[in-house]
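This is structure11.cif (mmCIF, C-alpha atoms).
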```cif
data_query
loop_
_atom_site.label_atom_id
_atom_site.label_comp_id
_atom_site.auth_asym_id
_atom_site.auth_seq_id
_atom_site.Cartn_x
_atom_site.Cartn_y
_atom_site.Cartn_z
CA MET A 222 10.72 -9.49 -9.86
CA THR A 223 12.31 -9.54 -13.26
CA GLN A 224 13.64 -6.56 -15.11
CA LYS A 225 10.82 -6.96 -17.61
CA THR A 226 8.05 -6.72 -15.02
CA MET A 227 9.78 -3.75 -13.43
CA HIS A 228 9.98 -1.92 -16.80
CA THR A 229 13.56 -0.93 -16.02
CA SER A 230 14.02 -0.12 -19.72
CA ASP A 231 12.12 3.08 -18.87
CA PHE A 232 14.70 3.99 -16.24
CA ARG A 233 16.20 7.45 -16.03
CA PRO A 234 18.05 8.74 -12.96
CA LEU A 235 15.93 10.73 -10.53
CA ASP A 236 16.80 14.36 -9.92
CA VAL A 237 16.30 13.93 -6.19
CA GLN A 238 17.20 17.50 -5.25
CA ALA A 239 14.64 18.86 -7.69
CA ILE A 240 12.07 16.43 -6.32
CA ARG A 241 12.81 17.51 -2.75
CA GLY A 242 12.14 21.08 -3.85
CA ASP A 243 8.52 20.05 -4.48
CA PHE A 244 8.07 19.14 -0.79
CA PRO A 245 7.95 22.15 1.57
CA ILE A 246 8.63 19.96 4.59
CA PHE A 247 12.23 19.46 3.43
CA SER A 248 12.98 23.20 3.32
CA ASP A 249 13.76 23.45 7.04
CA THR A 250 17.29 23.59 8.44
CA PRO A 251 18.47 21.05 9.39
CA PRO A 252 16.34 19.18 6.86
CA LEU A 253 14.01 16.42 8.05
CA ALA A 254 15.25 12.92 7.29
CA PHE A 255 11.84 11.39 6.74
CA LEU A 256 12.23 7.60 6.81
CA ASP A 257 8.64 6.51 7.39
CA SER A 258 7.13 6.49 3.92
CA ALA A 259 5.89 2.91 4.33
CA ALA A 260 3.41 4.37 6.84
CA SER A 261 2.53 7.53 4.90
CA THR A 262 4.44 9.62 2.39
CA GLN A 263 4.97 13.34 2.21
CA THR A 264 2.86 15.40 -0.20
CA PRO A 265 4.33 17.50 -3.04
CA ARG A 266 3.09 20.94 -4.01
CA PRO A 267 1.39 19.82 -7.27
CA VAL A 268 -0.93 17.55 -5.29
CA VAL A 269 -1.81 20.24 -2.77
CA GLU A 270 -2.29 22.77 -5.57
CA ALA A 271 -4.70 20.44 -7.38
CA MET A 272 -6.78 20.12 -4.22
CA ASP A 273 -6.59 23.86 -3.53
CA ALA A 274 -7.83 24.58 -7.04
CA TYR A 275 -10.95 22.54 -6.32
CA TYR A 276 -11.60 24.36 -3.05
CA ASP A 277 -10.75 27.80 -4.44
CA THR A 278 -12.36 27.79 -7.86
CA TYR A 279 -14.92 25.01 -8.44
CA ARG A 280 -15.95 23.71 -5.01
CA SER A 281 -19.25 21.86 -5.49
CA ASN A 282 -20.77 18.41 -5.37
CA ILE A 283 -20.44 16.08 -8.34
CA HIS A 284 -22.68 14.13 -10.72
CA ARG A 285 -25.81 16.12 -9.88
CA GLY A 286 -25.33 19.84 -10.30
CA ILE A 287 -26.59 21.36 -13.55
CA TYR A 288 -24.18 24.26 -13.42
CA ARG A 289 -20.67 24.99 -14.60
CA ILE A 290 -18.53 24.43 -11.48
CA SER A 291 -20.33 21.19 -10.62
CA GLU A 292 -19.68 19.93 -14.12
CA GLU A 293 -16.01 20.88 -13.75
CA ALA A 294 -15.78 19.11 -10.40
CA THR A 295 -17.36 16.00 -11.92
CA GLU A 296 -14.95 16.10 -14.84
CA GLN A 297 -11.88 16.47 -12.61
CA HIS A 298 -13.08 13.70 -10.27
CA GLU A 299 -13.63 11.29 -13.16
CA ASN A 300 -10.34 12.33 -14.79
CA ALA A 301 -8.64 11.21 -11.59
CA ARG A 302 -10.31 7.82 -11.97
CA LYS A 303 -8.92 7.61 -15.53
CA LYS A 304 -5.42 8.44 -14.29
CA LEU A 305 -5.55 5.66 -11.71
CA ALA A 306 -6.85 3.18 -14.26
CA HIS A 307 -3.90 4.12 -16.47
CA LEU A 308 -1.46 3.83 -13.55
CA ILE A 309 -2.26 0.14 -13.01
CA ASN A 310 -3.33 -0.57 -16.62
CA ALA A 311 -6.93 -1.39 -15.73
CA PRO A 312 -8.93 -2.33 -18.85
CA ARG A 313 -11.82 0.01 -17.98
CA THR A 314 -12.13 3.14 -15.87
CA SER A 315 -15.27 1.68 -14.31
CA GLN A 316 -13.10 -0.94 -12.59
CA ILE A 317 -11.61 1.75 -10.35
CA VAL A 318 -13.68 2.11 -7.18
CA PHE A 319 -12.80 4.98 -4.85
CA THR A 320 -12.60 4.04 -1.17
CA ARG A 321 -11.01 5.65 1.87
CA ASN A 322 -7.87 3.48 1.83
CA THR A 323 -6.52 -0.05 1.31
CA THR A 324 -8.25 -1.20 4.48
CA GLU A 325 -11.69 -0.14 3.26
CA SER A 326 -11.04 -1.67 -0.16
CA ILE A 327 -10.25 -5.04 1.38
CA ASN A 328 -13.24 -4.83 3.72
CA LEU A 329 -15.47 -4.04 0.74
CA VAL A 330 -14.39 -7.28 -0.93
CA ALA A 331 -14.66 -9.27 2.30
CA TYR A 332 -18.22 -8.13 2.96
CA SER A 333 -19.57 -7.85 -0.58
CA TRP A 334 -17.81 -10.57 -2.55
CA GLY A 335 -17.35 -12.70 0.55
CA SER A 336 -21.04 -12.66 1.46
CA ILE A 337 -22.03 -14.44 -1.76
CA ASN A 338 -18.95 -16.59 -2.39
CA ILE A 339 -17.70 -17.86 0.97
CA SER A 340 -19.53 -20.44 3.08
CA GLN A 341 -18.85 -23.06 5.72
CA GLY A 342 -16.04 -25.41 4.76
CA ASP A 343 -14.45 -23.00 2.30
CA GLU A 344 -10.83 -21.96 2.76
CA ILE A 345 -9.04 -18.61 2.47
CA VAL A 346 -5.26 -18.65 2.10
CA LEU A 347 -3.24 -15.83 3.69
CA THR A 348 0.46 -15.45 4.51
CA ASP A 349 2.60 -14.72 7.55
CA LEU A 350 3.51 -11.36 6.00
CA GLU A 351 0.07 -9.76 6.07
CA HIS A 352 -0.77 -6.36 7.50
CA HIS A 353 -3.76 -6.47 9.83
CA SER A 354 -5.79 -4.85 7.05
CA ASN A 355 -5.40 -8.03 4.98
CA LEU A 356 -5.95 -10.32 7.94
CA VAL A 357 -8.69 -9.04 10.25
CA PRO A 358 -11.39 -8.69 7.51
CA TRP A 359 -10.85 -12.34 6.56
CA GLN A 360 -10.96 -13.42 10.21
CA MET A 361 -14.30 -11.63 10.52
CA LEU A 362 -15.56 -13.26 7.31
CA ALA A 363 -14.48 -16.70 8.55
CA GLN A 364 -16.28 -16.11 11.84
CA ARG A 365 -19.47 -15.12 10.00
CA THR A 366 -19.43 -17.98 7.54
CA GLY A 367 -17.58 -20.88 9.13
CA ALA A 368 -14.79 -20.72 6.57
CA THR A 369 -11.21 -21.68 7.48
CA LEU A 370 -8.09 -19.54 7.24
CA ARG A 371 -4.86 -21.20 6.13
CA TYR A 372 -1.40 -19.64 6.05
CA LEU A 373 1.58 -19.72 3.75
CA GLU A 374 4.55 -19.39 6.09
CA ILE A 375 7.90 -17.66 5.66
CA THR A 376 11.43 -18.98 5.66
CA ASP A 377 14.15 -17.82 8.04
CA GLN A 378 15.18 -15.33 5.33
CA GLY A 379 11.75 -13.67 5.35
CA LEU A 380 10.65 -15.13 2.02
CA LEU A 381 7.42 -17.02 1.45
CA ASP A 382 7.91 -20.79 1.55
CA PHE A 383 6.40 -21.72 -1.80
CA THR A 384 7.04 -25.42 -1.21
CA GLN A 385 3.87 -25.23 0.92
CA LEU A 386 1.65 -23.55 -1.66
CA GLN A 387 0.42 -26.59 -3.57
CA ASP A 388 -0.44 -28.35 -0.30
CA LEU A 389 -2.48 -25.33 0.81
CA LEU A 390 -4.46 -25.01 -2.42
CA SER A 391 -7.39 -27.34 -3.04
CA GLU A 392 -10.95 -27.37 -4.36
CA LYS A 393 -11.91 -25.83 -1.00
CA THR A 394 -9.77 -22.74 -1.64
CA LYS A 395 -11.95 -19.82 -2.68
CA LEU A 396 -9.54 -16.91 -2.21
CA VAL A 397 -5.86 -16.17 -1.81
CA ALA A 398 -5.31 -12.76 -0.18
CA ILE A 399 -1.67 -11.71 -0.26
CA THR A 400 0.49 -8.65 0.15
CA HIS A 401 2.62 -7.70 -2.83
CA VAL A 402 5.31 -6.17 -0.62
CA SER A 403 5.68 -6.71 3.13
CA ASN A 404 5.40 -3.46 5.07
CA VAL A 405 7.71 -4.91 7.75
CA LEU A 406 10.37 -6.90 5.92
CA GLY A 407 10.15 -5.27 2.50
CA THR A 408 9.90 -8.70 0.88
CA ILE A 409 8.72 -8.46 -2.74
CA ASN A 410 6.59 -11.54 -3.26
CA PRO A 411 6.64 -13.32 -6.65
CA ILE A 412 2.98 -12.49 -7.01
CA GLN A 413 2.59 -13.83 -10.53
CA SER A 414 3.44 -17.34 -9.37
CA VAL A 415 0.84 -17.11 -6.60
CA ILE A 416 -1.86 -15.88 -8.98
CA ASP A 417 -1.15 -18.60 -11.54
CA ALA A 418 -1.24 -21.34 -8.88
CA ALA A 419 -4.40 -19.97 -7.27
CA HIS A 420 -6.24 -19.68 -10.57
CA ALA A 421 -5.21 -23.22 -11.49
CA ALA A 422 -6.92 -24.33 -8.27
CA GLY A 423 -10.05 -22.32 -9.10
CA ALA A 424 -9.46 -19.62 -6.47
CA LYS A 425 -9.65 -15.84 -6.78
CA VAL A 426 -6.74 -13.59 -5.76
CA LEU A 427 -6.75 -10.26 -3.91
CA ILE A 428 -3.51 -8.30 -3.80
CA ASP A 429 -2.72 -5.81 -1.05
CA ALA A 430 -0.70 -3.43 -3.21
CA ALA A 431 -0.34 -0.59 -0.69
CA GLN A 432 3.45 -1.01 -0.70
CA SER A 433 3.89 -1.82 -4.39
CA VAL A 434 1.80 0.53 -6.56
CA PRO A 435 3.68 3.62 -5.26
CA HIS A 436 7.10 2.08 -5.87
CA PHE A 437 7.17 0.16 -9.15
CA HIS A 438 4.99 -0.70 -12.15
CA VAL A 439 1.99 -2.87 -11.31
CA ASP A 440 -0.02 -4.07 -14.31
CA VAL A 441 -3.31 -5.72 -13.35
CA GLN A 442 -3.86 -7.11 -16.83
CA GLN A 443 -0.43 -8.72 -16.93
CA LEU A 444 -0.88 -10.12 -13.43
CA ASP A 445 -4.48 -11.20 -14.11
CA CYS A 446 -5.36 -10.54 -10.45
CA ASP A 447 -9.02 -10.51 -9.46
CA PHE A 448 -8.84 -7.67 -6.93
CA LEU A 449 -6.14 -5.14 -6.06
CA ALA A 450 -6.18 -2.50 -3.33
CA PHE A 451 -3.99 0.52 -2.59
CA SER A 452 -4.00 3.85 -0.74
CA GLY A 453 -3.44 7.45 -1.78
CA HIS A 454 -1.48 8.50 1.29
CA LYS A 455 1.33 6.04 0.52
CA MET A 456 1.94 7.43 -3.00
CA CYS A 457 2.34 11.19 -2.41
CA GLY A 458 -1.43 11.63 -2.30
CA PRO A 459 -3.81 12.82 0.41
CA THR A 460 -5.25 10.78 3.22
CA GLY A 461 -8.85 9.62 3.07
CA VAL A 462 -8.85 8.16 -0.44
CA GLY A 463 -7.87 4.77 -1.80
CA VAL A 464 -8.66 2.44 -4.68
CA LEU A 465 -10.17 -0.96 -5.21
CA TYR A 466 -9.63 -2.52 -8.63
CA GLY A 467 -11.69 -5.55 -9.52
CA LYS A 468 -12.45 -7.62 -12.58
CA LEU A 469 -15.64 -6.26 -14.06
CA ASP A 470 -17.68 -9.47 -13.89
CA LEU A 471 -16.85 -9.83 -10.20
CA LEU A 472 -17.75 -6.23 -9.39
CA GLU A 473 -21.00 -6.49 -11.30
CA GLU A 474 -22.17 -9.57 -9.40
CA MET A 475 -21.25 -8.18 -5.98
CA PRO A 476 -23.95 -6.52 -3.85
CA PRO A 477 -23.37 -2.96 -2.60
CA PHE A 478 -21.23 -2.48 0.48
CA LEU A 479 -23.05 0.68 1.64
CA GLY A 480 -26.50 2.04 0.86
CA GLY A 481 -27.53 5.65 0.30
CA GLY A 482 -27.31 8.40 -2.26
CA SER A 483 -25.36 8.11 -5.52
CA MET A 484 -25.28 4.31 -5.55
CA ILE A 485 -28.89 3.89 -6.70
CA ARG A 486 -30.70 3.75 -10.01
CA SER A 487 -34.20 4.08 -8.54
CA VAL A 488 -35.72 3.99 -5.06
CA GLU A 489 -39.24 2.90 -4.10
CA ARG A 490 -40.70 2.61 -0.61
CA ASP A 491 -39.86 -1.07 -0.31
CA ILE A 492 -37.12 -1.72 -2.82
CA SER A 493 -34.28 -0.05 -4.70
CA THR A 494 -32.27 -0.86 -7.78
CA TYR A 495 -28.60 -0.05 -7.90
CA ALA A 496 -26.36 1.94 -10.21
CA ASP A 497 -23.68 0.39 -12.39
CA VAL A 498 -20.13 -0.02 -11.10
CA PRO A 499 -18.28 1.87 -9.82
CA ALA A 500 -21.13 4.06 -8.53
CA LYS A 501 -22.76 1.03 -6.89
CA PHE A 502 -19.91 0.99 -4.35
CA GLU A 503 -19.57 4.76 -3.83
CA ALA A 504 -22.51 5.69 -1.63
CA GLY A 505 -22.85 9.29 -0.49
CA THR A 506 -20.78 12.34 -1.28
CA PRO A 507 -17.24 11.14 -2.02
CA SER A 508 -13.93 12.63 -1.01
CA ILE A 509 -13.87 14.85 -4.07
CA ALA A 510 -10.80 16.96 -3.39
CA GLU A 511 -8.90 13.91 -2.18
CA ALA A 512 -9.70 11.95 -5.34
CA ILE A 513 -8.52 14.89 -7.44
CA GLY A 514 -5.37 15.04 -5.33
CA LEU A 515 -4.83 11.32 -5.82
CA GLY A 516 -5.06 11.82 -9.57
CA ALA A 517 -2.39 14.51 -9.29
CA ALA A 518 -0.25 12.13 -7.22
CA ALA A 519 -0.57 9.48 -9.93
CA ASP A 520 0.64 12.09 -12.42
CA TYR A 521 3.54 13.02 -10.13
CA ILE A 522 4.97 9.53 -9.63
CA THR A 523 4.34 8.65 -13.28
CA GLN A 524 6.29 11.72 -14.41
CA ALA A 525 9.11 10.88 -12.00
CA GLY A 526 9.11 7.38 -13.48
CA LEU A 527 8.16 4.28 -11.51
CA ALA A 528 11.15 2.40 -12.88
CA SER A 529 13.37 5.26 -11.72
CA ILE A 530 11.76 5.27 -8.28
CA HIS A 531 12.38 1.54 -7.94
CA VAL A 532 16.02 1.73 -9.00
CA HIS A 533 16.60 4.69 -6.65
CA GLU A 534 15.08 2.80 -3.72
CA GLN A 535 17.18 -0.25 -4.53
CA GLU A 536 20.30 1.90 -4.28
CA LEU A 537 19.14 3.29 -0.93
CA ILE A 538 18.20 -0.06 0.60
CA LYS A 539 21.49 -1.68 -0.43
CA TYR A 540 23.43 1.25 1.02
CA ALA A 541 21.38 1.10 4.22
CA HIS A 542 22.10 -2.62 4.62
CA ASP A 543 25.80 -2.06 4.04
CA ARG A 544 26.00 0.75 6.60
CA LEU A 545 23.69 -0.51 9.33
CA GLN A 546 25.09 -4.03 9.47
CA ASP A 547 28.32 -2.52 10.82
CA ILE A 548 26.50 -1.41 14.00
CA GLU A 549 27.38 -3.73 16.87
CA GLY A 550 24.44 -5.72 18.20
CA ILE A 551 22.07 -4.93 15.32
CA THR A 552 19.67 -7.50 13.87
CA ILE A 553 18.25 -6.73 10.43
CA TYR A 554 15.11 -8.66 9.54
CA GLY A 555 14.04 -9.91 6.16
CA PRO A 556 15.70 -10.92 2.91
CA ALA A 557 18.69 -9.54 1.04
CA PRO A 558 18.38 -6.07 -0.49
CA HIS A 559 17.79 -7.34 -4.03
CA GLN A 560 14.75 -9.29 -2.82
CA LYS A 561 13.03 -6.41 -1.10
CA ALA A 562 11.64 -2.92 -1.51
CA GLY A 563 12.90 0.18 0.31
CA VAL A 564 12.15 -1.05 3.83
CA ILE A 565 14.62 -2.07 6.53
CA SER A 566 13.43 -3.33 9.92
CA PHE A 567 15.92 -3.86 12.71
CA ASN A 568 16.57 -4.08 16.43
CA ILE A 569 19.66 -3.12 18.42
CA ASP A 570 20.60 -5.13 21.49
CA GLY A 571 19.67 -3.39 24.72
CA ILE A 572 17.55 -0.61 23.17
CA HIS A 573 13.78 -0.81 22.82
CA PRO A 574 12.61 0.22 19.33
CA HIS A 575 10.51 3.01 20.84
CA ASP A 576 13.62 4.43 22.51
CA VAL A 577 15.46 4.21 19.20
CA ALA A 578 12.73 6.18 17.45
CA GLY A 579 12.54 8.75 20.24
CA ILE A 580 16.27 9.40 20.22
CA LEU A 581 16.37 9.65 16.43
CA ASP A 582 13.58 12.21 16.58
CA THR A 583 15.89 14.50 18.56
CA HIS A 584 18.19 14.37 15.51
CA ASN A 585 15.27 15.31 13.17
CA ILE A 586 15.07 11.77 11.81
CA ALA A 587 11.65 10.13 11.57
CA ILE A 588 11.39 6.33 11.62
CA ARG A 589 8.68 3.89 12.71
CA ALA A 590 8.76 1.73 15.82
CA GLY A 591 6.25 -0.90 16.92
CA HIS A 592 4.56 -3.98 15.52
CA HIS A 593 3.64 -2.17 12.28
CA CYS A 594 0.12 -3.66 12.28
CA ALA A 595 1.65 -7.10 11.79
CA GLN A 596 1.49 -8.80 15.18
CA PRO A 597 1.45 -12.39 13.84
CA LEU A 598 4.66 -11.63 11.94
CA MET A 599 6.23 -10.15 15.08
CA LYS A 600 5.42 -13.40 16.87
CA LYS A 601 7.00 -15.34 14.03
CA LEU A 602 10.15 -13.20 14.34
CA ASP A 603 10.04 -13.70 18.15
CA VAL A 604 10.07 -9.97 18.87
CA ILE A 605 7.52 -7.58 20.31
CA ALA A 606 8.46 -4.77 17.95
CA THR A 607 11.06 -3.51 15.51
CA ALA A 608 12.42 -0.18 14.40
CA ARG A 609 11.77 0.45 10.71
CA ALA A 610 13.24 2.87 8.19
CA SER A 611 11.57 3.14 4.80
CA PHE A 612 12.56 5.10 1.72
CA TYR A 613 10.91 6.89 -1.18
CA LEU A 614 11.79 9.02 -4.17
CA TYR A 615 12.78 12.05 -2.04
CA ASN A 616 15.31 10.24 0.17
CA THR A 617 19.08 10.47 -0.28
CA LEU A 618 22.21 8.57 0.67
CA GLU A 619 22.84 11.38 3.17
CA ASP A 620 19.60 10.40 4.93
CA VAL A 621 21.05 6.92 5.37
CA ASP A 622 24.32 8.36 6.70
CA ARG A 623 22.40 10.46 9.23
CA LEU A 624 20.45 7.37 10.29
CA TYR A 625 23.65 5.40 10.79
CA GLU A 626 25.35 8.16 12.79
CA ALA A 627 22.28 8.78 14.97
CA LEU A 628 21.92 5.07 15.72
CA GLN A 629 25.51 4.99 16.91
CA LYS A 630 24.80 7.99 19.15
CA ALA A 631 21.66 6.31 20.48
CA GLN A 632 23.66 3.22 21.30
CA ALA A 633 26.33 5.24 23.12
CA LEU A 634 23.65 7.18 25.05
CA MET A 635 21.93 4.01 26.27
CA ILE A 636 25.26 2.52 27.34
CA ARG A 637 26.01 5.63 29.42
CA ARG A 638 22.57 5.52 31.02
CA LYS A 639 23.10 1.93 32.13
CA GLN A 640 26.50 2.60 33.71
#
```

I'd like the structure from this file rewritten - as structure tokens, please.
Amino acid sequence: MTQKTMHTSDFRPLDVQAIRGDFPIFSDTPPLAFLDSAASTQTPRPVVEAMDAYYDTYRSNIHRGIYRISEEATEQHENARKKLAHLINAPRTSQIVFTRNTTESINLVAYSWGSINISQGDEIVLTDLEHHSNLVPWQMLAQRTGATLRYLEITDQGLLDFTQLQDLLSEKTKLVAITHVSNVLGTINPIQSVIDAAHAAGAKVLIDAAQSVPHFHVDVQQLDCDFLAFSGHKMCGPTGVGVLYGKLDLLEEMPPFLGGGSMIRSVERDISTYADVPAKFEAGTPSIAEAIGLGAAADYITQAGLASIHVHEQELIKYAHDRLQDIEGITIYGPAPHQKAGVISFNIDGIHPHDVAGILDTHNIAIRAGHHCAQPLMKKLDVIATARASFYLYNTLEDVDRLYEALQKAQALMIRRKQ
């Protein structure tokens, strides 16, 4: 990523202590060192308050009620859609489709767009870095249609091997589905180069942006991506709500993913006609409070400054690399700090990652351990699991110091147990 695409000219230092004051979970003593934001972030008071306001003062269904609080709920719900369109610079608000999460967004594209655009003999290009959410839906589509999956592999440094890309792309390639940032290695992929190459080959591009939209500026018009998916719960928002962005012509030609109320224009006994996008893809009563909360979360990270969040995380990840590499027997996976987001995956000789996480929990430090929904990548790394620490705008250098000290204690404890 270049400084231009990261909008670092907008950078201003984060007031991390003030930010932490917005998160009640950090008020305990000793404070929680929460280092699992790649899985799900904590939620600040403004987001909870926005959702509480809906439940306390204008709780009602949307788009149908001819009364004041229903109209207010509708307005707040659609305002949230506008905020998310602004966050990623979508040309039109109608290109923001509310889903439950990144996973559902990708499945929507796989079933709806895939059903009319993918057939036997077609090829879908993925990478070794994909989360299961950007892998399994395409496996299922390939099984239904007879299409073939092809993979862009990674180098020993955890970077995509772009020398393979031109060989993978052909007139058979219909879609490239790629993560913007690896949830395991933190690798920030040069997504613009992938999009340009894919479009030159006549293929569409879907970006799994679950680990990028919360952490730095993502501009869908600048990227010219065809689809982009992300989740609320990874950007200080609530669970149960996510976003699919799509180019308008693609969304308009796609059939509905689900049928029912809200997504129709008219219904007869034997046939129905469908509403315009985005309503066509939002069957049934939506997650109203969650969408409003997600709009508040978009406000929160925008006000903090996405450039500032990125620079802060870069400081944390570099410091974490510097400290943790001094631990005897540690293996850190993935590229150098300047090539990755705020994620560091590692193993320590003689200690299972689950034991590492369990011991750290006794020190009030929360990290992830496991395959991180990326089993093919684990196989590529020749491990069954890793421990993973991940950072966000509320983390501090002291969190990294506590991680380092607790890992040393975990190592000493396991040595004593084996004696």

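CA of Gly480 in chain A to CA of Glu503 in chain A spans 8.8 Å [interatomic distance, one decimal].
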
* Apply the PyMOL selection byres ((chain A and resi 260) around 9) to the structure shown and report the selected residues as JSON, numbers by chain. => {"A": [257, 258, 259, 261, 262, 404, 454, 455, 589, 593, 611]}

* To do: Using the chain letters and numbering of this document, enumerate as a VMD selection string the residues selected by the PyMOL selection byres ((chain A and resi 281) around 12).
  => chain A and resid 274 to 280 282 to 298 506 to 510

* Asked: Quick one: residues within 9 Å of range 625-632 of chain A, all atoms listed in the file counted, chain neighbours fewer than 2 positions away excluded, as a PyMOL selection string?
  -> chain A and resi 541+544-545+548-549+569-572+576-577+580-581+584+586+620-623+634-637

Put those residues in a file: C-alpha atoms, as an mmCIF file, in the frame of the given file.
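This went into result-v1.cif:
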```cif
data_model
loop_
_atom_site.group_PDB
_atom_site.id
_atom_site.type_symbol
_atom_site.label_atom_id
_atom_site.label_comp_id
_atom_site.auth_asym_id
_atom_site.auth_seq_id
_atom_site.Cartn_x
_atom_site.Cartn_y
_atom_site.Cartn_z
ATOM 1 C CA ALA A 541 21.380 1.100 4.220
ATOM 2 C CA ARG A 544 26.000 0.750 6.600
ATOM 3 C CA LEU A 545 23.690 -0.510 9.330
ATOM 4 C CA ILE A 548 26.500 -1.410 14.000
ATOM 5 C CA GLU A 549 27.380 -3.730 16.870
ATOM 6 C CA ILE A 569 19.660 -3.120 18.420
ATOM 7 C CA ASP A 570 20.600 -5.130 21.490
ATOM 8 C CA GLY A 571 19.670 -3.390 24.720
ATOM 9 C CA ILE A 572 17.550 -0.610 23.170
ATOM 10 C CA ASP A 576 13.620 4.430 22.510
ATOM 11 C CA VAL A 577 15.460 4.210 19.200
ATOM 12 C CA ILE A 580 16.270 9.400 20.220
ATOM 13 C CA LEU A 581 16.370 9.650 16.430
ATOM 14 C CA HIS A 584 18.190 14.370 15.510
ATOM 15 C CA ILE A 586 15.070 11.770 11.810
ATOM 16 C CA ASP A 620 19.600 10.400 4.930
ATOM 17 C CA VAL A 621 21.050 6.920 5.370
ATOM 18 C CA ASP A 622 24.320 8.360 6.700
ATOM 19 C CA ARG A 623 22.400 10.460 9.230
ATOM 20 C CA LEU A 634 23.650 7.180 25.050
ATOM 21 C CA MET A 635 21.930 4.010 26.270
ATOM 22 C CA ILE A 636 25.260 2.520 27.340
ATOM 23 C CA ARG A 637 26.010 5.630 29.420
#
```

Could you build a table of the residues in range 387-490 of chain A lying no more than 10 Å from range 557-565 of chain A, giving for each the nearest pair of atoms and their separation in Å rounded to one decimal place, using all atoms listed in the file, ordered by chain and ascending residue number, as CSV?
```
residue,atom,partner,partner_atom,distance
A:Val402,CA,A:Ala562,CA,7.2
A:Ser403,CA,A:Ala562,CA,8.5
A:Asn404,CA,A:Val564,CA,7.3
A:Val405,CA,A:Val564,CA,7.1
A:Leu406,CA,A:Val564,CA,6.5
A:Gly407,CA,A:Lys561,CA,4.7
A:Thr408,CA,A:Lys561,CA,4.4
A:Ile409,CA,A:Lys561,CA,5.0
A:Asn410,CA,A:Gln560,CA,8.5
A:Pro411,CA,A:Gln560,CA,9.8
A:Gln432,CA,A:Ala562,CA,8.4
A:Ser433,CA,A:Ala562,CA,8.3
A:His436,CA,A:Ala562,CA,8.0
A:Phe437,CA,A:Ala562,CA,9.4
```

* May I ask for the distance between CA of Gln442 in chain A and CA of Phe319 in chain A, given in Å to one decimal place? =>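 That distance, rounded to one decimal, is 19.2 Å.
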
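Neighbours of Val357 in chain A closer than or equal to 10 Å, with all atoms listed in the file counted and sequence neighbours fewer than 6 positions away skipped, come out as Thr324, Ile327, Asn328, Ala331, Glu351 and Ala363 of chain A.
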
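This file, queried with the PyMOL selection byres ((chain A and resi 473) around 9), gives the residues Lys468, Leu469, Asp470, Leu471, Leu472, Glu474, Met475, Pro476, Asp497, Val498, Pro499 and Lys501 of chain A.
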
May I have the selected residues written with C-alpha atoms, as a PDB file, keeping the file's coordinate frame?
```pdb
ATOM      1  CA  LYS A 468     -12.450  -7.620 -12.580  1.00  0.00           C
ATOM      2  CA  LEU A 469     -15.640  -6.260 -14.060  1.00  0.00           C
ATOM      3  CA  ASP A 470     -17.680  -9.470 -13.890  1.00  0.00           C
ATOM      4  CA  LEU A 471     -16.850  -9.830 -10.200  1.00  0.00           C
ATOM      5  CA  LEU A 472     -17.750  -6.230  -9.390  1.00  0.00           C
ATOM      6  CA  GLU A 474     -22.170  -9.570  -9.400  1.00  0.00           C
ATOM      7  CA  MET A 475     -21.250  -8.180  -5.980  1.00  0.00           C
ATOM      8  CA  PRO A 476     -23.950  -6.520  -3.850  1.00  0.00           C
ATOM      9  CA  ASP A 497     -23.680   0.390 -12.390  1.00  0.00           C
ATOM     10  CA  VAL A 498     -20.130  -0.020 -11.100  1.00  0.00           C
ATOM     11  CA  PRO A 499     -18.280   1.870  -9.820  1.00  0.00           C
ATOM     12  CA  LYS A 501     -22.760   1.030  -6.890  1.00  0.00           C
TER      13      LYS A 501
END
```

* Asked: Which polymer residues, protein or nucleic acid, are no farther than 12 Å from (-3.4, 19.8, -1.2), counting only C-alpha atoms, as a PyMOL selection string?
  -> chain A and resi 244-245+263-277+454+457-460+509-518

* Asked: From the list A:Val462, A:Leu350, A:Leu479, A:Ala519, which residue is nearest Pro597 in chain A when using all atoms listed in the file?
  ->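 Closest residue, counting all atoms listed in the file: A:Leu350.
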
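Excluding Leu598 in chain A itself and any same-chain residue fewer than 4 positions from it, the protein and nucleic acid residues within 10 Å of it, counting all atoms listed in the file, are Thr348, Asp349, Leu350, Glu351, His352, Glu374, Ile375, Gly379, Val405, Leu406, His592, His593, Cys594, Leu602, Asp603, Val604, Ile605 and Ala606 of chain A.
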
Export C-alpha atoms of the chosen residues as a short mmCIF file (atom, residue, chain, number, x, y, z; two decimals), in the coordinates of the input?
```
data_model
loop_
_atom_site.label_atom_id
_atom_site.label_comp_id
_atom_site.auth_asym_id
_atom_site.auth_seq_id
_atom_site.Cartn_x
_atom_site.Cartn_y
_atom_site.Cartn_z
CA THR A 348 0.46 -15.45 4.51
CA ASP A 349 2.60 -14.72 7.55
CA LEU A 350 3.51 -11.36 6.00
CA GLU A 351 0.07 -9.76 6.07
CA HIS A 352 -0.77 -6.36 7.50
CA GLU A 374 4.55 -19.39 6.09
CA ILE A 375 7.90 -17.66 5.66
CA GLY A 379 11.75 -13.67 5.35
CA VAL A 405 7.71 -4.91 7.75
CA LEU A 406 10.37 -6.90 5.92
CA HIS A 592 4.56 -3.98 15.52
CA HIS A 593 3.64 -2.17 12.28
CA CYS A 594 0.12 -3.66 12.28
CA LEU A 602 10.15 -13.20 14.34
CA ASP A 603 10.04 -13.70 18.15
CA VAL A 604 10.07 -9.97 18.87
CA ILE A 605 7.52 -7.58 20.31
CA ALA A 606 8.46 -4.77 17.95
#
```
